[in-house]
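A quick write-up on the structure given underneath.
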Amino acid sequence: MWQSTESGRDSGAAAHDDAGVRPGIGRQHLMRVFDEIDYGMLIIDAQGVILHANHLARHELANGRIVKSHGNSLMGSSTAFTVQIQQAIETSFRGQRKLLMMSAQDRELSLAFTPLSHPLEADAPSVLVLMSRQNSGDNLSVRLFAQSLNLSRSEESVLVGLCRGLQIPEIARLHRVADSTVRSQIKTLREKAGVASIRILLQRVNSLPPVVPALHILTPMPHNATEFSHP
């Protein structure tokens, strides 16, 4: 550590000054950053207890369609899902990564289990669980993109439909308009975006920085300090 030779200045003051110049990122800032990531994120300890669940993960757990929280532990909505999850957690604590692909009715969810420490390290072992990215049509960045292009509400709805993988006849039926109307709107979309094809338009949308919607407002769920950590 650098020490001052001036009589009125000690190393403690220097360290304080350095801290003032280079403030560290606090825990609350990190938790808020995690909430803005467009993937559900869980951190699990060696006992299987959820130490932290970000915004989208809590939303997914609250829905309980494929995964849920029971006694602060990650569980599946069925016995088969729970067994797969427990096996994946055990594999991760042995230092290996694991990917699960699960589906129930019209819902699909992928979980990537990643060890956050080496089995031989002294740190308390933990596992990161990343959930599959939300549908691009549910991403707020699509709405903001539509605003930046000055799209009409109907044009924005067509764009969202395309992002969700719908075909022109499906979008037309959904909006109760003719196929030709949707094709005309798609042409306008391409012109406003300055692209030559739908494929390029969707590539541009997929490359947008994610903006997570405020799901905690839309879907409240119980949350307290003894459950998942959150600022």
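Residue numbering restarts at 1 for every chain of the structure tokens, chains are lettered A, B, ... in their displayed order, and ligands are numbered from 1 as they appear.
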
For the contact check between range 82-109 of chain A and range 43-64 of chain A, emit one row per residue of range 82-109 of chain A within 12 Å, containing the shortest atom pair and the distance in Å rounded to one decimal, counting only C-alpha atoms, chain then rising number order, as a Markdown table.
| residue | atom | partner | partner_atom | distance |
| --- | --- | --- | --- | --- |
| A:Thr82 | CA | A:Gly48 | CA | 11.9 |
| A:Ile85 | CA | A:Gly48 | CA | 10.2 |
| A:Gln86 | CA | A:Gly48 | CA | 8.3 |
| A:Gln87 | CA | A:Gly48 | CA | 11.2 |
| A:Ala88 | CA | A:Gly48 | CA | 11.2 |
| A:Ile89 | CA | A:Gly48 | CA | 7.7 |
| A:Glu90 | CA | A:Ala46 | CA | 8.7 |
| A:Thr91 | CA | A:Ala46 | CA | 11.5 |
| A:Ser92 | CA | A:Ala46 | CA | 10.0 |
| A:Phe93 | CA | A:Ala46 | CA | 7.3 |
| A:Arg94 | CA | A:Ala46 | CA | 10.7 |
| A:Ala104 | CA | A:Gly64 | CA | 10.9 |
| A:Arg107 | CA | A:Gly64 | CA | 11.0 |
| A:Glu108 | CA | A:Glu60 | CA | 11.5 |
| A:Leu109 | CA | A:Glu60 | CA | 9.6 |

* Asked: Got a sec to tell me which of range 35-113 of chain A DSSP assigns to alpha helix (DSSP H), as a PyMOL selection string?
  -> chain A and resi 35+55-63+79-93

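Of the listed residues A:Asn206, A:Gln147, A:Ser69, A:Ser132, the one whose atoms come nearest to Leu162 in chain A is A:Asn206, with distances taken using only C-alpha atoms.
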
* Nearest to Pro210 in chain A by atom-to-atom distance, counting only C-alpha atoms, from A:Gly71, A:Ala196, A:Leu128, A:Asp35 -> A:Asp35

* To do: Go ahead and compute the interatomic distance for CA of Ser157 in chain A and CA of Ala193 in chain A, in Å to one decimal.
  => 15.2 Å

* Asked: What's the 10 Å shell around Ala172 in chain A, counting only C-alpha atoms, without same-chain residues fewer than 5 positions away, as an MDAnalysis selection string?
  -> chainID A and resid 158 161 166:167 177:183

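Pairwise distance (CA of Asp38 in chain A, CA of Lys187 in chain A) equals 29.5 Å.
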
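Going from CA of Leu99 in chain A to CA of Gln203 in chain A covers 25.4 Å.
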
* Asked: Can you list every residue in range 8-160 of chain A that DSSP puts in strand (DSSP E or B), as a ChimeraX atom specification?
  -> /A:41-45,49-53,67-70,73-76,98-104,107-115,126-131
